[in-house]
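A.B. asks: Below are the structure tokens for one structure; questions will follow.
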Amino acid sequence: MMKILQLCNKPPYPSVDGGTMAMNSITQGLLSQGCEVKVLTVETDKHPVRRELIPSEYLEQTGMESVYVDLAVKALPAAFALLCGESYHVKRYVSEAFAAKLREVLEKEQFDIVHVESIFLTPYVPLIRKYSDAKVILRAHNVEHLIWKRVAQSCPNLLKRWYLKHLSLSLRAYELEHIGDYDGIVCITRNDADTFRQAGCRKPIASIPFGVDSGEVPSVEVEPDSLFHIGAMDWLPNQESIRWLLEEVWPVVHREVPQAKLYLAGRKMPAQWMNATIEGVSVIGEVPDAMYFIGSKKINVVPLLSGSGIRVKIIEAMSIGKTVVTTTVGAQGIDYIDGENILIADTPEEFARQIKRCLEDDAFCNRVGEAAARLVANQYDERKLAVQLIDFYNKRLEI
């Protein structure tokens with residue numbers, strides 16, 4: 001039985017956003033294949049551990065432990081990092097308390113693999129090497145610096161754009177310098193894997209996407225002529241995409257299909273939209289059951305303009321047969337066929353046209369959604385992907 005320590009930069013359960021869902025998918029997939037998994041996670045003010053919501057079975061299976069780390073942005077440390085050219089994104093995760101707990105776990109148990117979720121926990125790799133003979137694998141959810149580079153490019157405020165550009169450059173320097181610290185890297189998309197290779201990484205790299213548990217479709221009536229977007233709204237690319245949707249796309253859709261209704265859901269919804277009155281738009285904020293909400297609506301709109309990795313919410317929506325209209329950026333990492341199992345649109349005019357076609361042609365819309373569900377069942381089942389991950393682990397252990 002392979003024994004794995006999974007280090008998480010935020011609690012994987014309960015899953016509240018794409019990142020936590022991707023981590024929990026790894027946990028569940030490995031458990032389903034008979035692996036022994038121990039979870040050690042950072043918890044923060046933004047992502048606390050809510051034990052009352054965690055099933056006892058999960059806690060028993062994973063032995064999940066957490067350490068609080070203060071990730072609040074502080075002016076002096078941020079300024080010092082700026083002057084020294086260091087990545088403040090990464091430095092915030094350096095914690096004596098987390099290091100002490102990690103050392104305790106490594107001294108108490110022996111592991112075959114230490115699976116590190118995200119580049120932000122890389123400062124702990126030397127400690128892992130000191131107290132464990134395990135192979136250390138990075139799960140790269142994104143090429144992080146590319147997200148901040150794209151956000152900086154689209155920021156209208158010159159001073160903020162300059163600072164965001166600095167953050168992306170310092171994160172890029174750190175990311176590309178330290179990916180070689182690992183025994184192997186598992187990217188979510190082929191694009192991200194290619195980016196690391198082109199940057200000179202010579203470590204073994206695999207591309208294994210996000211997986212879902214292809215369970216039952218929620219038993220809920222689907223509202224006709226309904227569109228929806230759901231995602232963590234404290235993530236800047238999501239804010240950028242909703243702004244584009246409301247300002248550039250929705251006026252066209254509402255004018256040409258006035259009965260259409262757009263629903264915006266997600267935790268940390270900005271007040272500017274929660275308090276706004278926009279004809280045909282209902283801003284809900286956080287929903288108690290994301291899959292029930294997704295199941296109750298017809299078309300998933302994901303107008304992402306920046307970002308890296310794979311959009312977990314798109315895979316979830318596709319898994320239950322929802323038609324997805326998104327951008328090339330939004331669909332990256334998905335092995336799609338445009339017009340068959342997803343609809344791609346990169347301009348406001350094309351995005352509105354695709355939405356209108358789905359609203360006016362039920363047969364076409366349903367056909368795309370059904371093809372999407374087949375794609376996910378065939379290629380994004382978490383149990384099948386766990387087999388690929390274990391195979392990658394085994395090859396690293398043989399070296």
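Residue names in the structure tokens use chain letters A, B, ... in the order shown, residue numbers from 1 in each chain, and ligand numbers from 1 in the order shown.
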Excluding range 255-259 of chain A and its own-chain neighbours fewer than 4 positions away, which residues fall within 10 Å of it when counting only C-alpha atoms? Please give them as JSON, numbers by chain.

C.D. replies: {"A": [224, 225, 226, 250, 251, 279, 280, 352, 353, 355, 356, 359, 360]}

A.B. asks: What would the file look like if the residues just selected were written as an mmCIF file, in the first residue's frame with N, CA, C and O atoms?

C.D. replies:
```cif
data_model
loop_
_atom_site.group_PDB
_atom_site.id
_atom_site.type_symbol
_atom_site.label_atom_id
_atom_site.label_comp_id
_atom_site.auth_asym_id
_atom_site.auth_seq_id
_atom_site.Cartn_x
_atom_site.Cartn_y
_atom_site.Cartn_z
ATOM 1 N N PRO A 224 -36.166 27.286 -17.590
ATOM 2 C CA PRO A 224 -35.939 27.623 -19.002
ATOM 3 C C PRO A 224 -35.298 28.998 -19.159
ATOM 4 O O PRO A 224 -35.462 29.884 -18.315
ATOM 5 N N ASP A 225 -34.530 29.152 -20.243
ATOM 6 C CA ASP A 225 -33.913 30.437 -20.593
ATOM 7 C C ASP A 225 -33.010 30.988 -19.486
ATOM 8 O O ASP A 225 -32.865 32.203 -19.336
ATOM 9 N N SER A 226 -32.393 30.093 -18.729
ATOM 10 C CA SER A 226 -31.558 30.537 -17.610
ATOM 11 C C SER A 226 -30.077 30.321 -17.910
ATOM 12 O O SER A 226 -29.668 29.302 -18.459
ATOM 13 N N TRP A 250 -23.970 40.945 -21.753
ATOM 14 C CA TRP A 250 -25.343 40.851 -21.291
ATOM 15 C C TRP A 250 -26.289 41.867 -21.941
ATOM 16 O O TRP A 250 -27.444 41.515 -22.272
ATOM 17 N N PRO A 251 -25.899 43.113 -22.151
ATOM 18 C CA PRO A 251 -26.826 44.050 -22.803
ATOM 19 C C PRO A 251 -27.314 43.538 -24.157
ATOM 20 O O PRO A 251 -28.493 43.733 -24.512
ATOM 21 N N GLU A 279 -31.213 44.720 -14.963
ATOM 22 C CA GLU A 279 -32.386 44.069 -15.518
ATOM 23 C C GLU A 279 -32.039 42.694 -16.065
ATOM 24 O O GLU A 279 -31.106 42.525 -16.854
ATOM 25 N N GLY A 280 -32.789 41.689 -15.597
ATOM 26 C CA GLY A 280 -32.592 40.321 -16.053
ATOM 27 C C GLY A 280 -31.503 39.566 -15.321
ATOM 28 O O GLY A 280 -31.241 38.398 -15.627
ATOM 29 N N ALA A 352 -22.218 36.565 -27.177
ATOM 30 C CA ALA A 352 -23.665 36.800 -27.170
ATOM 31 C C ALA A 352 -24.358 35.924 -28.214
ATOM 32 O O ALA A 352 -25.455 35.399 -27.975
ATOM 33 N N ARG A 353 -23.723 35.733 -29.364
ATOM 34 C CA ARG A 353 -24.323 34.928 -30.430
ATOM 35 C C ARG A 353 -24.463 33.469 -30.006
ATOM 36 O O ARG A 353 -25.495 32.834 -30.265
ATOM 37 N N ILE A 355 -24.692 32.316 -26.913
ATOM 38 C CA ILE A 355 -25.735 32.250 -25.889
ATOM 39 C C ILE A 355 -27.116 32.273 -26.544
ATOM 40 O O ILE A 355 -28.001 31.469 -26.211
ATOM 41 N N LYS A 356 -27.295 33.187 -27.470
ATOM 42 C CA LYS A 356 -28.586 33.315 -28.149
ATOM 43 C C LYS A 356 -28.942 32.031 -28.884
ATOM 44 O O LYS A 356 -30.101 31.572 -28.855
ATOM 45 N N LEU A 359 -30.204 29.483 -26.404
ATOM 46 C CA LEU A 359 -31.523 29.836 -25.882
ATOM 47 C C LEU A 359 -32.627 29.589 -26.906
ATOM 48 O O LEU A 359 -33.753 29.255 -26.542
ATOM 49 N N GLU A 360 -32.301 29.736 -28.166
ATOM 50 C CA GLU A 360 -33.323 29.624 -29.209
ATOM 51 C C GLU A 360 -33.400 28.240 -29.843
ATOM 52 O O GLU A 360 -34.360 27.941 -30.560
#
```

A.B. asks: Near range 43-59 of chain A, counting only C-alpha atoms, which residues have an atom at most 8 Å away, once you skip same-chain residues fewer than 2 positions from it, shown as a list in words?

C.D. replies: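 Final neighbour list, sorted by chain and number: Asn9, Lys10, Pro11, Tyr13, Pro14, Thr41, Gln61, Thr62, Gly63, Met64, Ser66, Val67, Tyr68, Val69, Asp70 and Leu71 of chain A.
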
A.B. asks: Restrict the selected residues to N, CA, C and O atoms and save them as a PDB file, in the first residue's frame.

C.D. replies:
```
ATOM      1  N   ASN A   9      -2.347  23.912   0.615  1.00  0.00           N
ATOM      2  CA  ASN A   9      -2.226  25.330   0.977  1.00  0.00           C
ATOM      3  C   ASN A   9      -3.536  25.921   1.470  1.00  0.00           C
ATOM      4  O   ASN A   9      -3.594  27.078   1.878  1.00  0.00           O
ATOM      5  N   LYS A  10      -4.603  25.109   1.456  1.00  0.00           N
ATOM      6  CA  LYS A  10      -5.883  25.466   2.059  1.00  0.00           C
ATOM      7  C   LYS A  10      -6.671  24.176   2.251  1.00  0.00           C
ATOM      8  O   LYS A  10      -6.398  23.174   1.575  1.00  0.00           O
ATOM      9  N   PRO A  11      -7.615  24.150   3.177  1.00  0.00           N
ATOM     10  CA  PRO A  11      -8.308  22.903   3.486  1.00  0.00           C
ATOM     11  C   PRO A  11      -9.030  22.331   2.270  1.00  0.00           C
ATOM     12  O   PRO A  11      -9.844  23.018   1.644  1.00  0.00           O
ATOM     13  N   TYR A  13     -11.280  20.051   2.289  1.00  0.00           N
ATOM     14  CA  TYR A  13     -12.654  19.683   2.610  1.00  0.00           C
ATOM     15  C   TYR A  13     -13.139  20.537   3.767  1.00  0.00           C
ATOM     16  O   TYR A  13     -12.397  20.716   4.732  1.00  0.00           O
ATOM     17  N   PRO A  14     -14.370  21.087   3.699  1.00  0.00           N
ATOM     18  CA  PRO A  14     -15.279  21.004   2.555  1.00  0.00           C
ATOM     19  C   PRO A  14     -14.765  21.831   1.382  1.00  0.00           C
ATOM     20  O   PRO A  14     -14.144  22.876   1.587  1.00  0.00           O
ATOM     21  N   THR A  41      -2.746  20.464   6.264  1.00  0.00           N
ATOM     22  CA  THR A  41      -3.143  21.649   5.511  1.00  0.00           C
ATOM     23  C   THR A  41      -2.904  22.944   6.271  1.00  0.00           C
ATOM     24  O   THR A  41      -2.972  22.992   7.500  1.00  0.00           O
ATOM     25  N   GLN A  61     -10.108   8.644   7.667  1.00  0.00           N
ATOM     26  CA  GLN A  61      -9.322   8.148   6.542  1.00  0.00           C
ATOM     27  C   GLN A  61      -8.057   8.966   6.302  1.00  0.00           C
ATOM     28  O   GLN A  61      -7.017   8.423   5.912  1.00  0.00           O
ATOM     29  N   THR A  62      -8.140  10.273   6.495  1.00  0.00           N
ATOM     30  CA  THR A  62      -7.019  11.156   6.144  1.00  0.00           C
ATOM     31  C   THR A  62      -6.195  11.616   7.343  1.00  0.00           C
ATOM     32  O   THR A  62      -5.090  12.142   7.153  1.00  0.00           O
ATOM     33  N   GLY A  63      -6.728  11.448   8.561  1.00  0.00           N
ATOM     34  CA  GLY A  63      -6.026  11.977   9.731  1.00  0.00           C
ATOM     35  C   GLY A  63      -5.707  13.446   9.572  1.00  0.00           C
ATOM     36  O   GLY A  63      -4.636  13.924   9.974  1.00  0.00           O
ATOM     37  N   MET A  64      -6.628  14.193   8.957  1.00  0.00           N
ATOM     38  CA  MET A  64      -6.337  15.581   8.585  1.00  0.00           C
ATOM     39  C   MET A  64      -5.965  16.428   9.793  1.00  0.00           C
ATOM     40  O   MET A  64      -6.652  16.432  10.812  1.00  0.00           O
ATOM     41  N   SER A  66      -4.369  20.515  10.725  1.00  0.00           N
ATOM     42  CA  SER A  66      -4.243  21.850  10.132  1.00  0.00           C
ATOM     43  C   SER A  66      -3.437  22.756  11.043  1.00  0.00           C
ATOM     44  O   SER A  66      -3.367  22.549  12.258  1.00  0.00           O
ATOM     45  N   VAL A  67      -2.837  23.763  10.432  1.00  0.00           N
ATOM     46  CA  VAL A  67      -2.086  24.789  11.162  1.00  0.00           C
ATOM     47  C   VAL A  67      -2.508  26.142  10.618  1.00  0.00           C
ATOM     48  O   VAL A  67      -2.506  26.357   9.390  1.00  0.00           O
ATOM     49  N   TYR A  68      -2.867  27.035  11.502  1.00  0.00           N
ATOM     50  CA  TYR A  68      -3.260  28.379  11.072  1.00  0.00           C
ATOM     51  C   TYR A  68      -2.036  29.178  10.632  1.00  0.00           C
ATOM     52  O   TYR A  68      -1.001  29.204  11.317  1.00  0.00           O
ATOM     53  N   VAL A  69      -2.155  29.828   9.478  1.00  0.00           N
ATOM     54  CA  VAL A  69      -1.116  30.725   8.970  1.00  0.00           C
ATOM     55  C   VAL A  69      -1.777  32.049   8.610  1.00  0.00           C
ATOM     56  O   VAL A  69      -2.794  32.068   7.902  1.00  0.00           O
ATOM     57  N   ASP A  70      -1.223  33.127   9.100  1.00  0.00           N
ATOM     58  CA  ASP A  70      -1.776  34.460   8.832  1.00  0.00           C
ATOM     59  C   ASP A  70      -1.292  34.944   7.465  1.00  0.00           C
ATOM     60  O   ASP A  70      -0.121  35.289   7.302  1.00  0.00           O
ATOM     61  N   LEU A  71      -2.206  34.955   6.496  1.00  0.00           N
ATOM     62  CA  LEU A  71      -1.857  35.401   5.141  1.00  0.00           C
ATOM     63  C   LEU A  71      -2.268  36.851   4.869  1.00  0.00           C
ATOM     64  O   LEU A  71      -2.196  37.306   3.730  1.00  0.00           O
TER      65      LEU A  71
END
```

A.B. asks: Per DSSP on the backbone, what are the strand (DSSP E) residues of range 57-283 of chain A, as a ChimeraX atom specification?

C.D. replies: /A:65-68,113-117,135-140,184-187,205-207,226-230,261-265,281-283

A.B. asks: Put those residues in a file: N, CA, C and O atoms, as a CSV table (one decimal), in the first residue's frame.

C.D. replies:
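File written: selection-v5.csv
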```
chain,number,residue,atom,x,y,z
A,65,GLU,N,-4.9,17.1,9.7
A,65,GLU,CA,-4.4,18.1,10.7
A,65,GLU,C,-4.2,19.4,10.0
A,65,GLU,O,-3.9,19.5,8.8
A,66,SER,N,-4.4,20.5,10.7
A,66,SER,CA,-4.2,21.9,10.1
A,66,SER,C,-3.4,22.8,11.0
A,66,SER,O,-3.4,22.5,12.3
A,67,VAL,N,-2.8,23.8,10.4
A,67,VAL,CA,-2.1,24.8,11.2
A,67,VAL,C,-2.5,26.1,10.6
A,67,VAL,O,-2.5,26.4,9.4
A,68,TYR,N,-2.9,27.0,11.5
A,68,TYR,CA,-3.3,28.4,11.1
A,68,TYR,C,-2.0,29.2,10.6
A,68,TYR,O,-1.0,29.2,11.3
A,113,ILE,N,5.5,9.1,-0.7
A,113,ILE,CA,5.4,10.3,-1.5
A,113,ILE,C,4.9,11.4,-0.6
A,113,ILE,O,4.0,11.3,0.2
A,114,VAL,N,5.5,12.6,-0.8
A,114,VAL,CA,5.0,13.8,-0.2
A,114,VAL,C,4.5,14.6,-1.4
A,114,VAL,O,5.3,15.1,-2.3
A,115,HIS,N,3.2,14.8,-1.5
A,115,HIS,CA,2.5,15.4,-2.6
A,115,HIS,C,2.2,16.9,-2.2
A,115,HIS,O,1.4,17.1,-1.2
A,116,VAL,N,2.8,17.8,-2.8
A,116,VAL,CA,2.7,19.2,-2.4
A,116,VAL,C,1.7,20.0,-3.4
A,116,VAL,O,2.0,20.0,-4.6
A,117,GLU,N,0.7,20.5,-2.8
A,117,GLU,CA,-0.3,21.2,-3.6
A,117,GLU,C,0.1,22.7,-3.7
A,117,GLU,O,0.0,23.4,-2.7
A,135,LYS,N,9.8,10.6,-2.0
A,135,LYS,CA,9.8,11.4,-3.3
A,135,LYS,C,8.9,12.6,-3.1
A,135,LYS,O,7.8,12.4,-2.6
A,136,VAL,N,9.3,13.8,-3.5
A,136,VAL,CA,8.5,15.0,-3.4
A,136,VAL,C,7.9,15.4,-4.7
A,136,VAL,O,8.7,15.7,-5.7
A,137,ILE,N,6.6,15.5,-4.8
A,137,ILE,CA,5.9,15.7,-6.1
A,137,ILE,C,5.1,17.0,-5.9
A,137,ILE,O,4.4,17.2,-5.0
A,138,LEU,N,5.3,17.9,-6.9
A,138,LEU,CA,4.5,19.2,-6.9
A,138,LEU,C,3.3,19.0,-7.8
A,138,LEU,O,3.4,18.5,-8.9
A,139,ARG,N,2.1,19.3,-7.3
A,139,ARG,CA,0.9,19.4,-8.1
A,139,ARG,C,0.7,20.8,-8.4
A,139,ARG,O,0.3,21.7,-7.6
A,140,ALA,N,1.0,21.2,-9.7
A,140,ALA,CA,0.9,22.6,-10.1
A,140,ALA,C,-0.5,22.8,-10.7
A,140,ALA,O,-0.9,22.4,-11.8
A,184,GLY,N,9.3,15.4,-9.2
A,184,GLY,CA,8.4,15.3,-10.4
A,184,GLY,C,7.3,16.4,-10.2
A,184,GLY,O,7.1,16.9,-9.1
A,185,ILE,N,6.7,16.7,-11.3
A,185,ILE,CA,5.7,17.8,-11.4
A,185,ILE,C,4.5,17.2,-12.1
A,185,ILE,O,4.6,16.6,-13.1
A,186,VAL,N,3.3,17.4,-11.5
A,186,VAL,CA,2.1,17.0,-12.1
A,186,VAL,C,1.2,18.2,-12.4
A,186,VAL,O,0.8,18.9,-11.5
A,187,CYS,N,1.1,18.6,-13.6
A,187,CYS,CA,0.3,19.7,-14.1
A,187,CYS,C,-1.1,19.3,-14.4
A,187,CYS,O,-1.4,18.2,-14.7
A,205,ILE,N,7.7,15.5,-15.9
A,205,ILE,CA,6.4,16.3,-15.8
A,205,ILE,C,5.3,15.4,-16.4
A,205,ILE,O,5.5,14.9,-17.5
A,206,ALA,N,4.2,15.4,-15.7
A,206,ALA,CA,3.0,14.7,-16.2
A,206,ALA,C,1.9,15.7,-16.3
A,206,ALA,O,1.8,16.7,-15.6
A,207,SER,N,1.0,15.4,-17.2
A,207,SER,CA,-0.2,16.3,-17.3
A,207,SER,C,-1.4,15.4,-17.0
A,207,SER,O,-1.8,14.5,-17.7
A,226,SER,N,-32.4,30.1,-18.7
A,226,SER,CA,-31.6,30.5,-17.6
A,226,SER,C,-30.1,30.3,-17.9
A,226,SER,O,-29.7,29.3,-18.5
A,227,LEU,N,-29.3,31.3,-17.5
A,227,LEU,CA,-27.8,31.3,-17.7
A,227,LEU,C,-27.3,31.4,-16.3
A,227,LEU,O,-27.9,32.0,-15.4
A,228,PHE,N,-26.0,30.8,-16.1
A,228,PHE,CA,-25.5,31.0,-14.7
A,228,PHE,C,-23.9,31.0,-14.8
A,228,PHE,O,-23.3,30.5,-15.7
A,229,HIS,N,-23.4,31.7,-13.8
A,229,HIS,CA,-22.0,31.7,-13.6
A,229,HIS,C,-21.8,31.4,-12.1
A,229,HIS,O,-22.4,32.0,-11.3
A,230,ILE,N,-20.9,30.5,-11.7
A,230,ILE,CA,-20.6,30.2,-10.3
A,230,ILE,C,-19.1,30.1,-10.2
A,230,ILE,O,-18.4,29.5,-11.0
A,261,LYS,N,-32.6,35.0,-18.2
A,261,LYS,CA,-32.3,35.4,-16.9
A,261,LYS,C,-30.9,34.9,-16.6
A,261,LYS,O,-30.5,33.7,-16.8
A,262,LEU,N,-30.1,35.8,-16.1
A,262,LEU,CA,-28.7,35.5,-15.7
A,262,LEU,C,-28.5,35.4,-14.2
A,262,LEU,O,-28.9,36.4,-13.5
A,263,TYR,N,-28.0,34.3,-13.7
A,263,TYR,CA,-27.8,34.2,-12.3
A,263,TYR,C,-26.3,34.1,-12.0
A,263,TYR,O,-25.5,33.4,-12.6
A,264,LEU,N,-25.8,35.0,-11.0
A,264,LEU,CA,-24.4,35.0,-10.6
A,264,LEU,C,-24.3,34.5,-9.2
A,264,LEU,O,-24.9,35.1,-8.3
A,265,ALA,N,-23.5,33.4,-9.0
A,265,ALA,CA,-23.3,32.8,-7.7
A,265,ALA,C,-21.9,32.7,-7.4
A,265,ALA,O,-21.0,32.6,-8.3
A,281,VAL,N,-30.9,40.2,-14.3
A,281,VAL,CA,-29.7,39.6,-13.6
A,281,VAL,C,-30.1,39.4,-12.2
A,281,VAL,O,-30.6,40.3,-11.5
A,282,SER,N,-29.9,38.2,-11.6
A,282,SER,CA,-30.1,37.9,-10.2
A,282,SER,C,-28.7,37.6,-9.6
A,282,SER,O,-28.1,36.6,-10.0
A,283,VAL,N,-28.3,38.4,-8.7
A,283,VAL,CA,-27.0,38.1,-8.0
A,283,VAL,C,-27.2,37.4,-6.7
A,283,VAL,O,-27.8,38.0,-5.8
```

A.B. asks: State, in Å with one decimal place, the distance from CA of Asp234 in chain A to CA of Cys358 in chain A.

C.D. replies: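 These atoms are spaced 29.2 Å apart.
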
A.B. asks: Give me every helix (DSSP H, G or I) residue in range 28-132 of chain A, going by DSSP on the backbone, as a ChimeraX atom specification.

C.D. replies: /A:28-32,51-53,56-62,75-84,88-91,96-108,119-131
